[in-house]
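S.K.: Enclosed is the structure file model-v2.txt (compact mmCIF, C-alpha atoms).
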```
# COMPACT_ATOMS: atom_id res chain seq x y z
CA MET A 1 29.05 40.03 -3.50
CA ASN A 2 27.99 37.43 -6.04
CA LYS A 3 24.32 37.33 -6.89
CA PRO A 4 22.78 33.85 -6.57
CA SER A 5 22.06 32.25 -9.91
CA ALA A 6 18.47 31.66 -10.94
CA GLY A 7 19.15 27.93 -10.98
CA GLY A 8 20.52 28.05 -7.44
CA VAL A 9 17.49 29.95 -6.16
CA ARG A 10 15.11 27.49 -7.84
CA ALA A 11 16.98 24.53 -6.38
CA ARG A 12 16.83 26.04 -2.89
CA VAL A 13 13.12 26.80 -3.18
CA ARG A 14 12.45 23.29 -4.46
CA ALA A 15 14.40 21.75 -1.59
CA GLU A 16 12.54 23.87 0.95
CA LEU A 17 9.15 23.00 -0.50
CA THR A 18 10.09 19.31 -0.68
CA GLU A 19 10.84 19.37 3.06
CA GLU A 20 7.63 21.26 3.74
CA ILE A 21 5.65 18.61 1.87
CA LYS A 22 7.29 15.85 3.89
CA ASN A 23 6.75 17.65 7.18
CA THR A 24 3.08 18.11 6.37
CA ALA A 25 2.81 14.46 5.38
CA ARG A 26 4.34 13.49 8.74
CA SER A 27 1.66 15.50 10.53
CA HIS A 28 -0.95 13.60 8.52
CA LEU A 29 0.65 10.31 9.58
CA ALA A 30 0.23 11.42 13.18
CA SER A 31 -3.43 12.31 12.73
CA GLY A 32 -4.65 9.60 10.36
CA GLY A 33 -1.97 6.96 9.92
CA SER A 34 -0.19 5.85 6.78
CA ALA A 35 -3.27 4.34 5.17
CA ALA A 36 -4.99 7.74 5.15
CA LEU A 37 -2.04 9.67 3.68
CA SER A 38 -3.18 11.57 0.58
CA LEU A 39 -1.22 13.81 -1.80
CA ARG A 40 -4.31 15.90 -2.41
CA ALA A 41 -4.83 16.46 1.31
CA VAL A 42 -1.18 17.48 1.75
CA ALA A 43 -1.44 19.87 -1.21
CA ARG A 44 -4.65 21.36 0.16
CA GLU A 45 -3.06 22.06 3.55
CA LEU A 46 -0.08 23.73 1.87
CA GLY A 47 -2.30 25.81 -0.39
CA MET A 48 -0.93 24.12 -3.49
CA ALA A 49 -2.82 22.99 -6.55
CA SER A 50 -3.12 19.22 -6.66
CA SER A 51 -1.31 19.18 -9.98
CA ALA A 52 1.64 21.11 -8.49
CA ILE A 53 2.46 18.59 -5.78
CA TYR A 54 2.81 15.83 -8.37
CA ARG A 55 5.85 17.65 -9.75
CA TYR A 56 7.56 16.90 -6.43
CA TYR A 57 6.06 13.52 -5.63
CA PRO A 58 4.43 11.86 -8.64
CA SER A 59 2.60 9.36 -6.44
CA ARG A 60 1.62 8.66 -2.85
CA GLU A 61 3.97 5.66 -2.90
CA ILE A 62 6.95 7.86 -3.79
CA LEU A 63 6.10 10.22 -0.93
CA LEU A 64 5.78 7.27 1.45
CA THR A 65 9.16 5.99 0.31
CA ALA A 66 10.72 9.39 1.02
CA LEU A 67 9.24 9.37 4.53
CA ILE A 68 10.40 5.80 5.15
CA VAL A 69 13.94 6.52 3.94
CA ASP A 70 14.12 9.65 6.12
CA ALA A 71 12.91 7.71 9.16
CA TYR A 72 15.44 4.90 8.69
CA ASN A 73 18.26 7.38 8.12
CA THR A 74 17.33 9.49 11.14
CA VAL A 75 17.25 6.65 13.64
CA GLY A 76 20.22 5.00 11.93
CA ALA A 77 22.38 8.11 12.22
CA ARG A 78 21.49 8.50 15.89
CA VAL A 79 22.36 4.89 16.68
CA GLU A 80 25.67 5.10 14.81
CA GLU A 81 26.64 8.31 16.59
CA ALA A 82 25.67 6.99 20.02
CA ASP A 83 27.53 3.72 19.49
CA ALA A 84 30.63 5.59 18.28
CA HIS A 85 30.87 7.30 21.69
CA CYS A 86 30.92 3.99 23.59
CA GLU A 87 34.06 2.10 24.59
CA ARG A 88 34.45 -0.52 21.88
CA ASP A 89 35.03 -3.43 24.27
CA ASN A 90 32.15 -2.54 26.62
CA PHE A 91 29.67 -4.71 24.76
CA GLU A 92 26.90 -4.52 27.34
CA GLU A 93 26.93 -0.73 27.31
CA ARG A 94 26.99 -0.64 23.51
CA TRP A 95 23.96 -2.94 23.31
CA LEU A 96 22.12 -0.91 25.92
CA THR A 97 23.01 2.30 24.08
CA ILE A 98 21.63 0.96 20.79
CA GLY A 99 18.36 0.01 22.48
CA ARG A 100 18.03 3.25 24.43
CA THR A 101 18.66 5.31 21.30
CA VAL A 102 16.04 3.50 19.24
CA ARG A 103 13.58 3.73 22.13
CA ALA A 104 14.18 7.47 22.62
CA TRP A 105 13.62 8.11 18.91
CA ALA A 106 10.47 5.98 18.97
CA HIS A 107 9.00 8.09 21.77
CA GLU A 108 10.00 11.27 19.96
CA SER A 109 8.58 10.13 16.59
CA PRO A 110 6.01 7.40 17.33
CA HIS A 111 4.23 7.66 14.00
CA GLU A 112 7.46 7.39 12.04
CA TYR A 113 8.42 4.41 14.21
CA ALA A 114 5.08 2.83 13.37
CA LEU A 115 5.65 3.56 9.69
CA ILE A 116 8.88 1.54 9.52
CA PHE A 117 8.52 -0.94 12.38
CA GLY A 118 4.76 -1.34 12.64
CA SER A 119 2.20 -3.03 10.42
CA PRO A 120 2.91 -2.89 6.66
CA VAL A 121 1.18 -0.09 4.78
CA PRO A 122 -1.74 -1.63 2.84
CA GLY A 123 -1.02 -1.74 -0.88
CA TYR A 124 2.53 -0.42 -0.54
CA ALA A 125 5.58 -2.41 -1.67
CA ALA A 126 8.87 -0.93 -0.50
CA PRO A 127 11.32 -0.35 -3.36
CA ASP A 128 15.04 -1.10 -3.26
CA ASP A 129 15.68 2.53 -2.27
CA THR A 130 14.71 1.60 1.29
CA ILE A 131 17.14 -1.31 1.70
CA THR A 132 20.37 0.55 2.50
CA PRO A 133 18.76 3.01 4.98
CA ALA A 134 16.97 0.08 6.64
CA THR A 135 20.28 -1.67 7.33
CA ARG A 136 21.83 1.15 9.37
CA VAL A 137 20.42 0.18 12.78
CA PRO A 138 20.83 -3.60 12.32
CA GLY A 139 24.28 -2.85 10.92
CA ALA A 140 25.29 -1.40 14.28
CA MET A 141 24.13 -4.55 16.01
CA LEU A 142 25.88 -6.82 13.52
CA GLN A 143 29.09 -4.89 14.11
CA LEU A 144 28.61 -5.39 17.83
CA LEU A 145 28.22 -9.15 17.29
CA ALA A 146 31.31 -9.19 15.07
CA ASP A 147 33.27 -7.41 17.83
CA VAL A 148 31.97 -9.88 20.42
CA GLU A 149 33.12 -12.77 18.24
CA ALA A 150 36.53 -11.19 17.67
CA ALA A 151 36.97 -10.82 21.44
CA ARG A 152 35.99 -14.46 21.94
CA GLU A 153 38.49 -15.61 19.38
CA GLY A 154 41.15 -13.48 21.05
CA ASN A 155 40.36 -15.20 24.36
CA GLY A 156 40.22 -18.67 22.81
CA SER A 157 36.53 -19.00 23.69
CA THR A 158 33.97 -21.03 21.74
CA GLY A 159 30.91 -20.22 23.83
CA HIS A 160 28.77 -19.59 20.77
CA ASP A 161 29.00 -23.29 19.91
CA SER A 162 27.48 -24.44 23.18
CA PRO A 163 26.25 -28.04 22.69
CA THR A 164 23.28 -27.41 24.99
CA THR A 165 21.59 -25.17 22.40
CA PRO A 166 22.41 -26.66 18.99
CA LEU A 167 20.89 -25.06 15.91
CA PRO A 168 18.82 -27.20 13.57
CA ASP A 169 20.84 -27.92 10.42
CA GLY A 170 18.40 -26.07 8.18
CA LEU A 171 18.51 -22.92 10.29
CA ARG A 172 22.29 -23.06 10.53
CA ASP A 173 22.59 -23.37 6.74
CA GLU A 174 20.17 -20.49 6.21
CA LEU A 175 22.03 -18.16 8.56
CA GLU A 176 25.38 -19.05 7.01
CA SER A 177 24.19 -18.47 3.45
CA ASN A 178 22.08 -15.32 3.98
CA GLU A 179 23.35 -12.70 1.50
CA TYR A 180 22.90 -9.83 3.97
CA ILE A 181 24.19 -11.23 7.27
CA GLY A 182 25.73 -14.63 6.63
CA GLY A 183 29.37 -15.63 6.60
CA THR A 184 30.87 -13.12 9.03
CA ILE A 185 29.31 -14.14 12.35
CA PRO A 186 28.94 -17.73 13.59
CA PRO A 187 25.33 -18.87 13.09
CA GLN A 188 24.86 -19.75 16.77
CA LEU A 189 25.78 -16.22 17.86
CA LEU A 190 23.79 -14.76 14.98
CA ALA A 191 20.67 -16.65 16.06
CA VAL A 192 21.02 -15.30 19.59
CA GLY A 193 21.53 -11.81 18.17
CA LEU A 194 18.42 -11.99 15.99
CA ALA A 195 16.35 -13.14 18.95
CA ALA A 196 17.73 -10.25 21.01
CA TRP A 197 16.92 -7.88 18.15
CA ALA A 198 13.32 -9.08 18.05
CA GLU A 199 13.07 -8.80 21.83
CA MET A 200 14.30 -5.22 21.80
CA PHE A 201 11.76 -4.12 19.20
CA GLY A 202 9.07 -6.12 20.95
CA LEU A 203 9.74 -4.19 24.15
CA ILE A 204 9.64 -0.84 22.36
CA SER A 205 6.49 -1.69 20.39
CA PHE A 206 4.64 -3.07 23.41
CA GLU A 207 5.47 0.09 25.33
CA LEU A 208 4.70 2.49 22.50
CA PHE A 209 1.39 0.89 21.62
CA GLY A 210 0.18 0.62 25.22
CA HIS A 211 0.47 -3.14 25.80
CA PHE A 212 2.24 -2.69 29.15
CA HIS A 213 -0.56 -0.53 30.54
CA ASN A 214 -1.52 -1.75 34.04
CA VAL A 215 1.34 -4.26 33.85
CA ILE A 216 4.60 -2.33 34.23
CA SER A 217 4.76 1.14 35.75
CA ASP A 218 8.51 1.87 35.62
CA LEU A 219 9.13 1.21 31.93
CA ASP A 220 12.59 2.79 31.96
CA GLU A 221 13.81 0.37 34.60
CA PHE A 222 12.10 -2.60 32.94
CA PHE A 223 13.64 -1.79 29.56
CA ASP A 224 17.15 -1.44 30.94
CA HIS A 225 16.83 -4.61 33.03
CA THR A 226 15.64 -6.63 30.05
CA MET A 227 18.31 -5.22 27.74
CA ARG A 228 21.05 -6.05 30.25
CA SER A 229 19.68 -9.58 30.57
CA THR A 230 19.71 -9.87 26.80
CA ALA A 231 23.28 -8.56 26.68
CA THR A 232 24.33 -11.40 28.98
CA ARG A 233 23.10 -13.93 26.42
CA LEU A 234 24.86 -12.08 23.60
CA ILE A 235 28.18 -11.75 25.39
CA LEU A 236 28.39 -15.03 27.33
```
Give the structure from this file in C-alpha cells form.
M.R.:
Amino acid sequence: MNKPSAGGVRARVRAELTEEIKNTARSHLASGGSAALSLRAVARELGMASSAIYRYYPSREILLTALIVDAYNTVGARVEEADAHCERDNFEERWLTIGRTVRAWAHESPHEYALIFGSPVPGYAAPDDTITPATRVPGAMLQLLADVEAAREGNGSTGHDSPTTPLPDGLRDELESNEYIGGTIPPQLLAVGLAAWAEMFGLISFELFGHFHNVISDLDEFFDHTMRSTATRLIL
C-alpha cells in the first residue's frame, strides 16, 4: 500500500480547513449577516491565530467572494440537474421546476440566498470571479426561452412580436445588443422573460423575508399558481 505523500496530506488538510472556515463563516452570516462577517471572529471560533487564517483568506472580501461563488454554484447545479430531468418540450413544467428548485434552496439556505439575491454587501465590490457562477441559474432560463423560440419557429408562430405590446426602440436595441443575453432570443420574448425572472425572485424574496405574513397562508399554492400564470405569458 502506497504511503500518501507529504504534499498530498498537506493539500488534503488545507482543503478540509478551507471548507471549515467557509462553514463557520456561513454560520456567522446566519447569526449576524454579511456586514458583520469578520475573519478574526471566524478564526477565534476555530481556535486559530488571526494571522493563520489570512494564509487561507487574505481578506474578508476574498472570503465573501468564496461564499458567493459557492452559493451561486450550489443553486445553479441544482437548477441544471432538475431541469435536465424535465421533458424538453414541456416548457411550463421546466419553468415551474426552475422556480421550485430556487425556492427550495432559498428556504434551505436563507442567509446564502440573501447574500447573493438580497441587498448588496456594504463596501464589497464583486470581482469577475463571480460572473460565471452567477450565470448558471439565468442560463437555464435563457435556454428555456431559446427552446420556446425554436418551437415557435417550428410551428410558424410569431407570437413574440405581438403588435399590442411593442417594445420601445431604445429597449429593443439594448436587449438586442446586450453582450450577455442579446442576439439569440427575440427582444420581445426576452423582455417577457426578464419580467418573469424578476417576478419569480420577487415572490421568493417576499416569502423569505416575511412580506406575505397575514396576506397569504398557503404559500406553496400561491407560488405554483403565479409561476404557472407567468409560464403562460412566456409560452403564448
S.K.: Pick the closest to A:Glu112 from A:Leu64, A:Met48, A:Leu145, A:Ile131: which is it, counting only C-alpha atoms?
M.R.: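 Smallest distance to A:Glu112 is found for A:Leu64.
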S.K.: Can you tell me, as a list in words, what residues are no more than 10 Å from stretch 75-85 of chain A when counting only C-alpha atoms, ignoring any on the same chain fewer than 6 positions away?
M.R.: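 Neighbouring residues, sequence-local ones excluded: Glu93, Arg94, Trp95, Leu96, Thr97, Ile98, Gly99, Arg100, Thr101, Val102, Arg103, Ala104, Trp105, Ala106, Ser109, Glu112, Tyr113, Pro133, Ala134, Thr135, Arg136, Val137, Pro138, Gly139, Ala140, Met141 and Leu144 of chain A.
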S.K.: Just write the chosen residues, C-alpha atoms, as an mmCIF file, keeping the file's coordinate frame.
M.R.:
```cif
data_model
loop_
_atom_site.group_PDB
_atom_site.id
_atom_site.type_symbol
_atom_site.label_atom_id
_atom_site.label_comp_id
_atom_site.auth_asym_id
_atom_site.auth_seq_id
_atom_site.Cartn_x
_atom_site.Cartn_y
_atom_site.Cartn_z
ATOM 1 C CA GLU A 93 26.930 -0.730 27.310
ATOM 2 C CA ARG A 94 26.990 -0.640 23.510
ATOM 3 C CA TRP A 95 23.960 -2.940 23.310
ATOM 4 C CA LEU A 96 22.120 -0.910 25.920
ATOM 5 C CA THR A 97 23.010 2.300 24.080
ATOM 6 C CA ILE A 98 21.630 0.960 20.790
ATOM 7 C CA GLY A 99 18.360 0.010 22.480
ATOM 8 C CA ARG A 100 18.030 3.250 24.430
ATOM 9 C CA THR A 101 18.660 5.310 21.300
ATOM 10 C CA VAL A 102 16.040 3.500 19.240
ATOM 11 C CA ARG A 103 13.580 3.730 22.130
ATOM 12 C CA ALA A 104 14.180 7.470 22.620
ATOM 13 C CA TRP A 105 13.620 8.110 18.910
ATOM 14 C CA ALA A 106 10.470 5.980 18.970
ATOM 15 C CA SER A 109 8.580 10.130 16.590
ATOM 16 C CA GLU A 112 7.460 7.390 12.040
ATOM 17 C CA TYR A 113 8.420 4.410 14.210
ATOM 18 C CA PRO A 133 18.760 3.010 4.980
ATOM 19 C CA ALA A 134 16.970 0.080 6.640
ATOM 20 C CA THR A 135 20.280 -1.670 7.330
ATOM 21 C CA ARG A 136 21.830 1.150 9.370
ATOM 22 C CA VAL A 137 20.420 0.180 12.780
ATOM 23 C CA PRO A 138 20.830 -3.600 12.320
ATOM 24 C CA GLY A 139 24.280 -2.850 10.920
ATOM 25 C CA ALA A 140 25.290 -1.400 14.280
ATOM 26 C CA MET A 141 24.130 -4.550 16.010
ATOM 27 C CA LEU A 144 28.610 -5.390 17.830
#
```
S.K.: Just give me the gap between atom CA of A:Met200 and atom CA of A:Met227 in Å, one decimal is fine.
M.R.: 7.2 Å
S.K.: Excluding stretch 17-31 of chain A and residues on its chain fewer than 4 positions from it, collect all residues at most 7 Å away from it, counting all atoms listed in the file, and give them as number ranges by chain.
M.R.: A: 13, 37, 42, 56, 67, 111
S.K.: Tell me, in Å to one decimal, how far atom CA of A:Ile204 is from atom CA of A:Ala36.
M.R.: 24.2 Å
S.K.: Quick one, how far is atom CA of A:Gly123 from atom CA of A:Arg44?
M.R.: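 Answer for the atom CA of A:Gly123 to atom CA of A:Arg44 separation: 23.4 Å.
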S.K.: Could you name the residues that touch stretch 230-234 of chain A at 8 Å or less, counting all atoms listed in the file, but leaving out those on the same chain fewer than 4 positions away, as a ChimeraX atom specification?
M.R.: /A:91-92,95-96,145,189,192-193,196,226
S.K.: Restricting the calculation to all atoms listed in the file, which member of A:Ile62, A:Cys86, A:Leu219, A:Leu236 is positioned closest to A:Thr130?
M.R.: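 The shortest atom-to-atom distance to A:Thr130 comes from A:Ile62.
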S.K.: When distances are computed from all atoms listed in the file, which of A:Arg60, A:Glu207, A:Arg88, A:Ser177 shows the smallest separation from A:Ala41?
M.R.: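 That would be A:Arg60, the residue with the smallest distance to A:Ala41.
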S.K.: Near A:Ile181, counting only C-alpha atoms, which residues have an atom at most 10 Å away, once you skip same-chain residues fewer than 3 positions from it, shown as JSON, numbers by chain?
M.R.: {"A": [138, 139, 142, 175, 176, 177, 178, 184, 185, 187, 190]}
S.K.: Listed atoms of stretch 192-206 of chain A, axis-aligned box, 5 Å per side: centre and edge lengths to one decimal in Å, as lines of an AutoDock Vina configuration file?
M.R.:
```
center_x = 13.1
center_y = -8.1
center_z = 20.1
size_x = 26.9
size_y = 24.5
size_z = 18.2
```
S.K.: Would you mind completing stretch 21-45 of chain A to N, CA, C and O atoms and writing the output as a PDB file, in the coordinates of the input?
M.R.:
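Dumped to rebuild-v6.pdb:
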```pdb
ATOM      1  N   ILE A  21       6.605  19.664   2.234  1.00  0.00           N
ATOM      2  CA  ILE A  21       5.650  18.610   1.870  1.00  0.00           C
ATOM      3  C   ILE A  21       5.813  17.416   2.799  1.00  0.00           C
ATOM      4  O   ILE A  21       4.836  16.860   3.323  1.00  0.00           O
ATOM      5  N   LYS A  22       7.054  17.008   3.023  1.00  0.00           N
ATOM      6  CA  LYS A  22       7.290  15.850   3.890  1.00  0.00           C
ATOM      7  C   LYS A  22       6.873  16.128   5.332  1.00  0.00           C
ATOM      8  O   LYS A  22       6.289  15.259   5.996  1.00  0.00           O
ATOM      9  N   ASN A  23       7.159  17.319   5.820  1.00  0.00           N
ATOM     10  CA  ASN A  23       6.750  17.650   7.180  1.00  0.00           C
ATOM     11  C   ASN A  23       5.238  17.644   7.335  1.00  0.00           C
ATOM     12  O   ASN A  23       4.697  17.175   8.350  1.00  0.00           O
ATOM     13  N   THR A  24       4.547  18.145   6.331  1.00  0.00           N
ATOM     14  CA  THR A  24       3.080  18.110   6.370  1.00  0.00           C
ATOM     15  C   THR A  24       2.578  16.685   6.308  1.00  0.00           C
ATOM     16  O   THR A  24       1.630  16.309   7.017  1.00  0.00           O
ATOM     17  N   ALA A  25       3.207  15.872   5.471  1.00  0.00           N
ATOM     18  CA  ALA A  25       2.810  14.460   5.380  1.00  0.00           C
ATOM     19  C   ALA A  25       3.027  13.755   6.711  1.00  0.00           C
ATOM     20  O   ALA A  25       2.212  12.917   7.121  1.00  0.00           O
ATOM     21  N   ARG A  26       4.098  14.107   7.430  1.00  0.00           N
ATOM     22  CA  ARG A  26       4.340  13.490   8.740  1.00  0.00           C
ATOM     23  C   ARG A  26       3.226  13.868   9.728  1.00  0.00           C
ATOM     24  O   ARG A  26       2.819  13.035  10.553  1.00  0.00           O
ATOM     25  N   SER A  27       2.759  15.097   9.646  1.00  0.00           N
ATOM     26  CA  SER A  27       1.660  15.500  10.530  1.00  0.00           C
ATOM     27  C   SER A  27       0.392  14.735  10.186  1.00  0.00           C
ATOM     28  O   SER A  27      -0.411  14.405  11.072  1.00  0.00           O
ATOM     29  N   HIS A  28       0.214  14.394   8.920  1.00  0.00           N
ATOM     30  CA  HIS A  28      -0.950  13.600   8.520  1.00  0.00           C
ATOM     31  C   HIS A  28      -0.806  12.152   8.997  1.00  0.00           C
ATOM     32  O   HIS A  28      -1.813  11.507   9.327  1.00  0.00           O
ATOM     33  N   LEU A  29       0.433  11.645   9.013  1.00  0.00           N
ATOM     34  CA  LEU A  29       0.650  10.310   9.580  1.00  0.00           C
ATOM     35  C   LEU A  29       0.225  10.278  11.040  1.00  0.00           C
ATOM     36  O   LEU A  29      -0.377   9.313  11.507  1.00  0.00           O
ATOM     37  N   ALA A  30       0.557  11.357  11.760  1.00  0.00           N
ATOM     38  CA  ALA A  30       0.230  11.420  13.180  1.00  0.00           C
ATOM     39  C   ALA A  30      -1.274  11.473  13.408  1.00  0.00           C
ATOM     40  O   ALA A  30      -1.791  10.900  14.385  1.00  0.00           O
ATOM     41  N   SER A  31      -1.992  12.133  12.512  1.00  0.00           N
ATOM     42  CA  SER A  31      -3.430  12.310  12.730  1.00  0.00           C
ATOM     43  C   SER A  31      -4.277  11.196  12.129  1.00  0.00           C
ATOM     44  O   SER A  31      -5.335  10.864  12.665  1.00  0.00           O
ATOM     45  N   GLY A  32      -3.808  10.595  11.026  1.00  0.00           N
ATOM     46  CA  GLY A  32      -4.650   9.600  10.360  1.00  0.00           C
ATOM     47  C   GLY A  32      -3.984   8.298  10.022  1.00  0.00           C
ATOM     48  O   GLY A  32      -4.639   7.369   9.535  1.00  0.00           O
ATOM     49  N   GLY A  33      -2.677   8.185  10.250  1.00  0.00           N
ATOM     50  CA  GLY A  33      -1.970   6.960   9.920  1.00  0.00           C
ATOM     51  C   GLY A  33      -1.582   6.900   8.456  1.00  0.00           C
ATOM     52  O   GLY A  33      -2.047   7.685   7.627  1.00  0.00           O
ATOM     53  N   SER A  34      -0.719   5.943   8.136  1.00  0.00           N
ATOM     54  CA  SER A  34      -0.190   5.850   6.780  1.00  0.00           C
ATOM     55  C   SER A  34      -1.266   5.518   5.746  1.00  0.00           C
ATOM     56  O   SER A  34      -1.200   5.977   4.605  1.00  0.00           O
ATOM     57  N   ALA A  35      -2.249   4.736   6.137  1.00  0.00           N
ATOM     58  CA  ALA A  35      -3.270   4.340   5.170  1.00  0.00           C
ATOM     59  C   ALA A  35      -4.091   5.521   4.686  1.00  0.00           C
ATOM     60  O   ALA A  35      -4.633   5.507   3.571  1.00  0.00           O
ATOM     61  N   ALA A  36      -4.170   6.578   5.514  1.00  0.00           N
ATOM     62  CA  ALA A  36      -4.990   7.740   5.150  1.00  0.00           C
ATOM     63  C   ALA A  36      -4.185   8.846   4.472  1.00  0.00           C
ATOM     64  O   ALA A  36      -4.742   9.885   4.119  1.00  0.00           O
ATOM     65  N   LEU A  37      -2.874   8.636   4.293  1.00  0.00           N
ATOM     66  CA  LEU A  37      -2.040   9.670   3.680  1.00  0.00           C
ATOM     67  C   LEU A  37      -2.480   9.926   2.241  1.00  0.00           C
ATOM     68  O   LEU A  37      -2.629   8.999   1.446  1.00  0.00           O
ATOM     69  N   SER A  38      -2.680  11.190   1.903  1.00  0.00           N
ATOM     70  CA  SER A  38      -3.180  11.570   0.580  1.00  0.00           C
ATOM     71  C   SER A  38      -2.400  12.768   0.062  1.00  0.00           C
ATOM     72  O   SER A  38      -2.222  13.762   0.775  1.00  0.00           O
ATOM     73  N   LEU A  39      -1.920  12.674  -1.187  1.00  0.00           N
ATOM     74  CA  LEU A  39      -1.220  13.810  -1.800  1.00  0.00           C
ATOM     75  C   LEU A  39      -2.134  15.024  -1.914  1.00  0.00           C
ATOM     76  O   LEU A  39      -1.711  16.159  -1.687  1.00  0.00           O
ATOM     77  N   ARG A  40      -3.372  14.784  -2.264  1.00  0.00           N
ATOM     78  CA  ARG A  40      -4.310  15.900  -2.410  1.00  0.00           C
ATOM     79  C   ARG A  40      -4.530  16.613  -1.081  1.00  0.00           C
ATOM     80  O   ARG A  40      -4.605  17.850  -1.029  1.00  0.00           O
ATOM     81  N   ALA A  41      -4.627  15.849  -0.001  1.00  0.00           N
ATOM     82  CA  ALA A  41      -4.830  16.460   1.310  1.00  0.00           C
ATOM     83  C   ALA A  41      -3.601  17.265   1.727  1.00  0.00           C
ATOM     84  O   ALA A  41      -3.719  18.354   2.303  1.00  0.00           O
ATOM     85  N   VAL A  42      -2.413  16.750   1.437  1.00  0.00           N
ATOM     86  CA  VAL A  42      -1.180  17.480   1.750  1.00  0.00           C
ATOM     87  C   VAL A  42      -1.126  18.770   0.940  1.00  0.00           C
ATOM     88  O   VAL A  42      -0.812  19.842   1.469  1.00  0.00           O
ATOM     89  N   ALA A  43      -1.448  18.683  -0.350  1.00  0.00           N
ATOM     90  CA  ALA A  43      -1.440  19.870  -1.210  1.00  0.00           C
ATOM     91  C   ALA A  43      -2.444  20.905  -0.715  1.00  0.00           C
ATOM     92  O   ALA A  43      -2.147  22.111  -0.677  1.00  0.00           O
ATOM     93  N   ARG A  44      -3.603  20.442  -0.317  1.00  0.00           N
ATOM     94  CA  ARG A  44      -4.650  21.360   0.160  1.00  0.00           C
ATOM     95  C   ARG A  44      -4.181  22.105   1.412  1.00  0.00           C
ATOM     96  O   ARG A  44      -4.382  23.318   1.531  1.00  0.00           O
ATOM     97  N   GLU A  45      -3.520  21.402   2.328  1.00  0.00           N
ATOM     98  CA  GLU A  45      -3.060  22.060   3.550  1.00  0.00           C
ATOM     99  C   GLU A  45      -1.968  23.084   3.253  1.00  0.00           C
ATOM    100  O   GLU A  45      -1.868  24.112   3.927  1.00  0.00           O
TER     101      GLU A  45
END
```
